[in-house]
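coords-v5.cif (mmCIF, C-alpha atoms) appears below.
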data_coords
loop_
_atom_site.label_atom_id
_atom_site.label_comp_id
_atom_site.auth_asym_id
_atom_site.auth_seq_id
_atom_site.Cartn_x
_atom_site.Cartn_y
_atom_site.Cartn_z
CA MET O 1 87.03 94.56 111.88
CA SER O 2 84.81 97.17 113.41
CA SER O 3 85.54 100.85 112.77
CA LYS O 4 86.83 101.29 116.33
CA ALA O 5 89.06 98.23 116.01
CA VAL O 6 90.52 99.55 112.75
CA LEU O 7 91.09 102.99 114.26
CA TYR O 8 92.83 101.72 117.39
CA PHE O 9 94.78 99.08 115.46
CA SER O 10 95.94 101.79 113.02
CA ILE O 11 97.05 104.07 115.85
CA TRP O 12 98.80 101.17 117.63
CA THR O 13 100.60 100.08 114.45
CA SER O 14 101.59 103.63 113.49
CA LEU O 15 102.88 104.43 116.97
CA LEU O 16 104.90 101.20 117.19
CA SER O 17 106.28 101.72 113.67
CA ALA O 18 107.42 105.24 114.54
CA ILE O 19 109.00 104.08 117.82
CA PHE O 20 110.79 101.16 116.19
CA TYR O 21 111.99 103.34 113.30
CA HIS O 22 113.24 106.01 115.71
CA PHE O 23 115.20 103.63 117.91
CA TYR O 24 116.48 101.61 114.96
CA THR O 25 118.00 104.71 113.37
CA MET O 26 119.45 105.80 116.73
CA TRP O 27 121.01 102.46 117.70
CA PHE O 28 121.98 100.87 114.41
CA SER O 29 123.91 102.12 111.40
CA PHE O 30 122.85 99.40 108.97
CA GLY O 31 120.90 101.90 106.84
CA ILE O 32 118.00 99.62 105.98
CA PRO O 33 115.14 100.43 108.38
CA TRP O 34 112.62 100.13 105.54
CA ILE O 35 113.04 96.35 105.71
CA MET O 36 110.92 96.42 108.87
CA PHE O 37 108.02 97.57 106.70
CA VAL O 38 108.67 94.87 104.11
CA CYS O 39 108.18 92.41 106.98
CA MET O 40 104.90 94.12 107.83
CA ALA O 41 103.61 93.90 104.25
CA ILE O 42 104.42 90.20 104.00
CA TYR O 43 103.09 89.32 107.45
CA PHE O 44 99.73 91.00 107.01
CA GLY O 45 99.53 90.05 103.33
CA MET O 46 99.87 86.40 104.28
CA GLY O 47 97.29 86.70 107.06
CA LEU O 48 99.68 85.34 109.67
CA GLN O 49 99.22 85.23 113.42
CA PRO O 50 101.70 85.94 116.25
CA LYS O 51 102.34 82.19 116.62
CA ASP O 52 103.72 82.21 113.04
CA SER O 53 106.42 84.78 113.80
CA PRO O 54 109.28 82.41 114.72
CA GLY O 55 108.78 80.45 111.49
CA LEU O 56 108.57 83.68 109.53
CA LEU O 57 111.93 84.80 110.93
CA LEU O 58 113.50 81.43 110.16
CA SER O 59 112.09 81.59 106.62
CA ALA O 60 113.51 85.11 106.21
CA TYR O 61 116.90 83.82 107.27
CA CYS O 62 116.58 80.98 104.74
CA GLY O 63 115.97 83.66 102.12
CA LEU O 64 119.15 85.43 103.15
CA ALA O 65 121.06 82.16 102.82
CA TRP O 66 119.55 81.48 99.39
CA GLY O 67 120.52 84.99 98.31
CA GLN O 68 124.11 84.21 99.26
CA PHE O 69 123.82 80.93 97.33
CA ASP O 70 122.77 82.92 94.25
CA PHE O 71 125.84 85.14 94.63
CA LEU O 72 127.99 82.03 94.99
CA LEU O 73 126.54 80.67 91.74
CA ILE O 74 127.12 84.00 89.98
CA SER O 75 130.74 83.93 91.12
CA LEU O 76 131.10 80.32 89.99
CA PHE O 77 129.66 81.02 86.55
CA THR O 78 131.69 84.18 86.01
CA GLY O 79 134.76 82.22 87.09
CA LEU O 80 133.96 79.72 84.35
CA GLY O 81 134.04 82.54 81.82
CA LEU O 82 130.39 83.57 81.53
CA GLY O 83 129.62 87.26 81.40
CA MET O 84 127.69 88.84 84.25
CA ALA O 85 124.38 88.76 82.34
CA GLY O 86 124.65 85.05 81.57
CA ALA O 87 125.96 84.17 85.02
CA SER O 88 123.14 86.10 86.69
CA PHE O 89 120.52 84.55 84.43
CA LEU O 90 121.66 80.98 85.10
CA SER O 91 122.11 81.63 88.81
CA ILE O 92 118.62 83.02 89.20
CA VAL O 93 117.04 80.15 87.26
CA ILE O 94 118.98 77.47 89.15
CA GLY O 95 118.85 79.11 92.59
CA THR O 96 115.16 79.98 92.41
CA THR O 97 114.19 76.53 91.14
CA ILE O 98 116.06 74.82 93.97
CA THR O 99 114.75 77.24 96.58
CA MET O 100 111.14 76.94 95.51
CA TYR O 101 111.20 73.15 95.23
CA ILE O 102 112.75 72.72 98.66
CA HIS O 103 110.56 75.24 100.50
CA ILE O 104 107.27 74.55 98.72
CA LYS O 105 107.44 70.80 98.13
CA LEU O 106 109.70 69.50 100.88
CA LEU O 107 109.26 72.11 103.62
CA GLY O 108 105.91 73.70 102.73
CA GLY O 109 104.13 72.55 105.88
CA THR O 110 106.98 73.48 108.20
CA PRO O 111 107.91 76.76 109.88
CA ILE O 112 110.44 77.42 107.09
CA GLY O 113 107.93 77.12 104.28
CA HIS O 114 106.87 80.80 104.09
CA MET O 115 107.87 81.41 100.47
CA PRO O 116 106.96 85.13 100.30
CA ILE O 117 109.46 86.09 102.99
CA ILE O 118 112.03 83.70 101.54
CA PHE O 119 111.75 85.64 98.28
CA ALA O 120 112.03 88.86 100.28
CA GLY O 121 115.22 87.58 101.92
CA VAL O 122 116.72 86.79 98.53
CA CYS O 123 115.65 90.15 97.08
CA LEU O 124 116.90 92.10 100.06
CA THR O 125 120.22 90.25 99.89
CA PHE O 126 120.47 91.47 96.30
CA SER O 127 119.50 94.99 97.40
CA GLN O 128 122.65 94.95 99.53
CA GLY O 129 124.86 93.47 96.81
CA GLY O 130 125.36 90.34 98.90
CA GLY O 131 126.79 92.39 101.78
CA ASN O 132 125.45 93.97 104.96
CA VAL O 133 124.54 90.49 106.20
CA PRO O 134 124.55 91.48 109.91
CA GLY O 135 122.27 94.40 109.06
CA LEU O 136 119.86 92.12 107.23
CA ILE O 137 119.83 89.60 110.06
CA VAL O 138 119.20 92.21 112.75
CA THR O 139 116.69 94.22 110.73
CA PHE O 140 114.60 91.16 109.85
CA ALA O 141 114.48 90.21 113.54
CA ILE O 142 113.45 93.72 114.55
CA GLY O 143 110.89 93.89 111.74
CA ILE O 144 109.29 90.61 112.72
CA LEU O 145 109.23 91.66 116.38
CA LEU O 146 107.52 94.89 115.29
CA VAL O 147 104.91 93.12 113.21
CA THR O 148 104.26 90.57 115.96
CA LEU O 149 103.54 93.36 118.43
CA CYS O 150 101.33 95.08 115.84
CA SER O 151 99.47 91.82 115.30
CA LEU O 152 98.97 91.33 119.03
CA GLY O 153 97.42 94.80 119.07
CA GLN O 154 95.16 93.79 116.21
CA VAL O 155 94.00 90.70 118.10
CA TRP O 156 93.29 92.80 121.22
CA CYS O 157 91.41 95.47 119.22
CA MET O 158 89.26 92.87 117.49
CA LYS O 159 88.32 91.35 120.85
CA LYS O 160 87.75 94.70 122.55
CA PHE O 161 85.75 96.19 119.65
CA PRO O 162 83.94 93.33 117.88
CA LEU O 163 82.23 93.92 114.55
CA GLU O 164 78.75 93.28 115.94
CA ALA O 165 79.24 96.25 118.31
CA GLU O 166 78.72 98.57 115.30
CA LYS O 167 75.20 97.35 114.64
#
Represent the structure of the file as structure tokens.
Amino acid sequence: MSSKAVLYFSIWTSLLSAIFYHFYTMWFSFGIPWIMFVCMAIYFGMGLQPKDSPGLLLSAYCGLAWGQFDFLLISLFTGLGLGMAGASFLSIVIGTTITMYIHIKLLGGTPIGHMPIIFAGVCLTFSQGGGNVPGLIVTFAIGILLVTLCSLGQVWCMKKFPLEAEK
């Protein structure tokens, strides 16, 4: 990206982030606005485009479901008499193996094959102790909307201020 594109993209992203954060904290009491920025890190880290956003959201929701599956396994194993450490260990090994096989091997080329955000969904489910599910659902949607708008700004800035314009 040209220097001007980076500057305007940075301003656009910062402004949108501040606006989204402000309204999120005014309208919602879920207490997890930082998840919007996790979405941003994954989106830009994966080099995604606006067209990938619906699949990214669906993959995030798959991660939330897999996180609940892990909690179900933990409950099952503790109910069978395992201690929390053993139940958690087995649940993570089993749940992660199943999740990765399904989303990498079977669904890798589909919109729900974005493994980084699936892992984020699982991790963020654990960050909430398996609760706050509505908050996670809403915040992921808002975060992916935010990053999509940021990405659209990036596309516009790169067209408006091409790299060769610096020469």
Original post:
Suppose you want the space between CA of His103 in chain O and CA of Met115 in chain O; what is it in Å?
Top reply: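 So the two atoms, CA of His103 in chain O and CA of Met115 in chain O, lie 6.7 Å apart.
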Subject >> Minimum-distance residue to His114 in chain O, chosen among O:Ala5, O:Leu80, O:Met100, O:Tyr24 (using all atoms listed in the file) >> reply: O:Met100
Original post:
Any chance you could work out the residue set of the PyMOL selection byres ((chain O and resi 42) around 12) here, as a PyMOL selection string?
Top reply: chain O and resi 35-41+43-49+53+56-57+59-60+114-121+140+143-144+147-148
Could the residues in this selection be saved with C-alpha atoms as a CSV table (one decimal), in the frame of the given file?
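Generated file (again-v1.csv):
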chain,number,residue,atom,x,y,z
O,35,ILE,CA,113.0,96.4,105.7
O,36,MET,CA,110.9,96.4,108.9
O,37,PHE,CA,108.0,97.6,106.7
O,38,VAL,CA,108.7,94.9,104.1
O,39,CYS,CA,108.2,92.4,107.0
O,40,MET,CA,104.9,94.1,107.8
O,41,ALA,CA,103.6,93.9,104.2
O,43,TYR,CA,103.1,89.3,107.4
O,44,PHE,CA,99.7,91.0,107.0
O,45,GLY,CA,99.5,90.0,103.3
O,46,MET,CA,99.9,86.4,104.3
O,47,GLY,CA,97.3,86.7,107.1
O,48,LEU,CA,99.7,85.3,109.7
O,49,GLN,CA,99.2,85.2,113.4
O,53,SER,CA,106.4,84.8,113.8
O,56,LEU,CA,108.6,83.7,109.5
O,57,LEU,CA,111.9,84.8,110.9
O,59,SER,CA,112.1,81.6,106.6
O,60,ALA,CA,113.5,85.1,106.2
O,114,HIS,CA,106.9,80.8,104.1
O,115,MET,CA,107.9,81.4,100.5
O,116,PRO,CA,107.0,85.1,100.3
O,117,ILE,CA,109.5,86.1,103.0
O,118,ILE,CA,112.0,83.7,101.5
O,119,PHE,CA,111.8,85.6,98.3
O,120,ALA,CA,112.0,88.9,100.3
O,121,GLY,CA,115.2,87.6,101.9
O,140,PHE,CA,114.6,91.2,109.8
O,143,GLY,CA,110.9,93.9,111.7
O,144,ILE,CA,109.3,90.6,112.7
O,147,VAL,CA,104.9,93.1,113.2
O,148,THR,CA,104.3,90.6,116.0
**OP:** Would you mind telling me which residue in O:Cys123, O:Phe71, O:Ile102, O:Lys51 lies nearest to Phe89 in chain O when using all atoms listed in the file?
**Re:**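 Closest to Phe89 in chain O of all the choices is O:Phe71.
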Original post:
Quick one: which residues end up in the PyMOL selection byres ((chain O and resi 66) around 10) for this structure, as a PyMOL selection string?
Top reply: chain O and resi 60-65+67-72+95-96+98-99+118-119+121-123+125
**OP:** Name the residues within 10 Å of (98.6, 95.2, 115.3), counting all atoms listed in the file in the file's coordinates, and put them as a PyMOL selection string.
**Re:** chain O and resi 6+8-14+16+40+44+50+146-158
Those residues with C-alpha atoms, as a tab-separated table (two decimals), in the frame of the given file please?
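And here's selection.tsv as it stands now:
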chain	number	residue	atom	x	y	z
O	6	VAL	CA	90.52	99.55	112.75
O	8	TYR	CA	92.83	101.72	117.39
O	9	PHE	CA	94.78	99.08	115.46
O	10	SER	CA	95.94	101.79	113.02
O	11	ILE	CA	97.05	104.07	115.85
O	12	TRP	CA	98.80	101.17	117.63
O	13	THR	CA	100.60	100.08	114.45
O	14	SER	CA	101.59	103.63	113.49
O	16	LEU	CA	104.90	101.20	117.19
O	40	MET	CA	104.90	94.12	107.83
O	44	PHE	CA	99.73	91.00	107.01
O	50	PRO	CA	101.70	85.94	116.25
O	146	LEU	CA	107.52	94.89	115.29
O	147	VAL	CA	104.91	93.12	113.21
O	148	THR	CA	104.26	90.57	115.96
O	149	LEU	CA	103.54	93.36	118.43
O	150	CYS	CA	101.33	95.08	115.84
O	151	SER	CA	99.47	91.82	115.30
O	152	LEU	CA	98.97	91.33	119.03
O	153	GLY	CA	97.42	94.80	119.07
O	154	GLN	CA	95.16	93.79	116.21
O	155	VAL	CA	94.00	90.70	118.10
O	156	TRP	CA	93.29	92.80	121.22
O	157	CYS	CA	91.41	95.47	119.22
O	158	MET	CA	89.26	92.87	117.49
**OP:** Considering all atoms listed in the file, state which residue in the set O:Tyr101, O:Trp27, O:Phe126, O:Phe20 is at the smallest distance from Ile74 in chain O.
**Re:**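 Ranked by minimum distance to Ile74 in chain O, first place goes to O:Phe126.
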**OP:** Between CA of Ile32 in chain O and CA of Phe77 in chain O, measure the distance and give it in Å to one decimal.
**Re:**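 These atoms are spaced 29.3 Å apart.
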**OP:** Grab the CA of Ser2 in chain O to CA of Pro162 in chain O distance for me, in Å with one decimal place.
**Re:** 6.0 Å
Subject >> Counting all atoms listed in the file, the residue of O:Leu73, O:Leu107, O:Met26, O:Leu82 that sits nearest Ile94 in chain O >> reply: O:Leu73
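Proximity to Leu136 in chain O was assessed for O:Gly83, O:Pro111, O:Gly55, O:Pro33 counting all atoms listed in the file; the smallest distance is recorded for O:Pro33.
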Original post:
Using only C-alpha atoms, which of the listed residues (O:Ile92, O:Leu76, O:Val138, O:Ala85) sits closest to Ser29 in chain O?
Top reply: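 Of O:Ile92, O:Leu76, O:Val138, O:Ala85, the one nearest Ser29 in chain O, counting only C-alpha atoms, is O:Val138.
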Atoms added to range 58-80 of chain O (N, CA and C atoms), reported as a PDB file, in the frame of the given file:
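Dumped to part_9.pdb:
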ATOM      1  N   LEU O  58     112.638  82.491 110.692  1.00  0.00           N
ATOM      2  CA  LEU O  58     113.500  81.430 110.160  1.00  0.00           C
ATOM      3  C   LEU O  58     113.426  81.378 108.629  1.00  0.00           C
ATOM      4  N   SER O  59     112.230  81.566 108.081  1.00  0.00           N
ATOM      5  CA  SER O  59     112.090  81.590 106.620  1.00  0.00           C
ATOM      6  C   SER O  59     112.828  82.778 106.022  1.00  0.00           C
ATOM      7  N   ALA O  60     112.767  83.927 106.690  1.00  0.00           N
ATOM      8  CA  ALA O  60     113.510  85.110 106.210  1.00  0.00           C
ATOM      9  C   ALA O  60     114.997  84.810 106.169  1.00  0.00           C
ATOM     10  N   TYR O  61     115.486  84.165 107.220  1.00  0.00           N
ATOM     11  CA  TYR O  61     116.900  83.820 107.270  1.00  0.00           C
ATOM     12  C   TYR O  61     117.262  82.802 106.181  1.00  0.00           C
ATOM     13  N   CYS O  62     116.339  81.896 105.867  1.00  0.00           N
ATOM     14  CA  CYS O  62     116.580  80.980 104.740  1.00  0.00           C
ATOM     15  C   CYS O  62     116.717  81.785 103.456  1.00  0.00           C
ATOM     16  N   GLY O  63     115.870  82.806 103.296  1.00  0.00           N
ATOM     17  CA  GLY O  63     115.970  83.660 102.120  1.00  0.00           C
ATOM     18  C   GLY O  63     117.311  84.353 102.016  1.00  0.00           C
ATOM     19  N   LEU O  64     117.823  84.806 103.159  1.00  0.00           N
ATOM     20  CA  LEU O  64     119.150  85.430 103.150  1.00  0.00           C
ATOM     21  C   LEU O  64     120.217  84.428 102.721  1.00  0.00           C
ATOM     22  N   ALA O  65     120.097  83.210 103.201  1.00  0.00           N
ATOM     23  CA  ALA O  65     121.060  82.160 102.820  1.00  0.00           C
ATOM     24  C   ALA O  65     120.950  81.843 101.331  1.00  0.00           C
ATOM     25  N   TRP O  66     119.720  81.753 100.812  1.00  0.00           N
ATOM     26  CA  TRP O  66     119.550  81.480  99.390  1.00  0.00           C
ATOM     27  C   TRP O  66     120.075  82.635  98.542  1.00  0.00           C
ATOM     28  N   GLY O  67     119.943  83.845  99.027  1.00  0.00           N
ATOM     29  CA  GLY O  67     120.520  84.990  98.310  1.00  0.00           C
ATOM     30  C   GLY O  67     122.032  84.860  98.208  1.00  0.00           C
ATOM     31  N   GLN O  68     122.658  84.427  99.290  1.00  0.00           N
ATOM     32  CA  GLN O  68     124.110  84.210  99.260  1.00  0.00           C
ATOM     33  C   GLN O  68     124.464  83.067  98.311  1.00  0.00           C
ATOM     34  N   PHE O  69     123.618  82.043  98.270  1.00  0.00           N
ATOM     35  CA  PHE O  69     123.820  80.930  97.330  1.00  0.00           C
ATOM     36  C   PHE O  69     123.784  81.441  95.888  1.00  0.00           C
ATOM     37  N   ASP O  70     122.840  82.334  95.592  1.00  0.00           N
ATOM     38  CA  ASP O  70     122.770  82.920  94.250  1.00  0.00           C
ATOM     39  C   ASP O  70     124.063  83.676  93.918  1.00  0.00           C
ATOM     40  N   PHE O  71     124.571  84.423  94.881  1.00  0.00           N
ATOM     41  CA  PHE O  71     125.840  85.140  94.630  1.00  0.00           C
ATOM     42  C   PHE O  71     126.993  84.165  94.440  1.00  0.00           C
ATOM     43  N   LEU O  72     126.974  83.067  95.165  1.00  0.00           N
ATOM     44  CA  LEU O  72     127.990  82.030  94.990  1.00  0.00           C
ATOM     45  C   LEU O  72     127.917  81.448  93.564  1.00  0.00           C
ATOM     46  N   LEU O  73     126.697  81.182  93.100  1.00  0.00           N
ATOM     47  CA  LEU O  73     126.540  80.670  91.740  1.00  0.00           C
ATOM     48  C   LEU O  73     127.001  81.689  90.702  1.00  0.00           C
ATOM     49  N   ILE O  74     126.668  82.957  90.916  1.00  0.00           N
ATOM     50  CA  ILE O  74     127.120  84.000  89.980  1.00  0.00           C
ATOM     51  C   ILE O  74     128.640  84.019  89.914  1.00  0.00           C
ATOM     52  N   SER O  75     129.273  83.944  91.067  1.00  0.00           N
ATOM     53  CA  SER O  75     130.740  83.930  91.120  1.00  0.00           C
ATOM     54  C   SER O  75     131.295  82.692  90.412  1.00  0.00           C
ATOM     55  N   LEU O  76     130.668  81.564  90.635  1.00  0.00           N
ATOM     56  CA  LEU O  76     131.100  80.320  89.990  1.00  0.00           C
ATOM     57  C   LEU O  76     131.000  80.441  88.467  1.00  0.00           C
ATOM     58  N   PHE O  77     129.864  80.925  88.000  1.00  0.00           N
ATOM     59  CA  PHE O  77     129.660  81.020  86.550  1.00  0.00           C
ATOM     60  C   PHE O  77     130.541  82.082  85.900  1.00  0.00           C
ATOM     61  N   THR O  78     130.779  83.188  86.583  1.00  0.00           N
ATOM     62  CA  THR O  78     131.690  84.180  86.010  1.00  0.00           C
ATOM     63  C   THR O  78     133.121  83.640  86.014  1.00  0.00           C
ATOM     64  N   GLY O  79     133.448  82.856  87.040  1.00  0.00           N
ATOM     65  CA  GLY O  79     134.760  82.220  87.090  1.00  0.00           C
ATOM     66  C   GLY O  79     134.971  81.220  85.975  1.00  0.00           C
ATOM     67  N   LEU O  80     133.879  80.669  85.477  1.00  0.00           N
ATOM     68  CA  LEU O  80     133.960  79.720  84.350  1.00  0.00           C
ATOM     69  C   LEU O  80     133.941  80.443  83.011  1.00  0.00           C
TER      70      LEU O  80
END
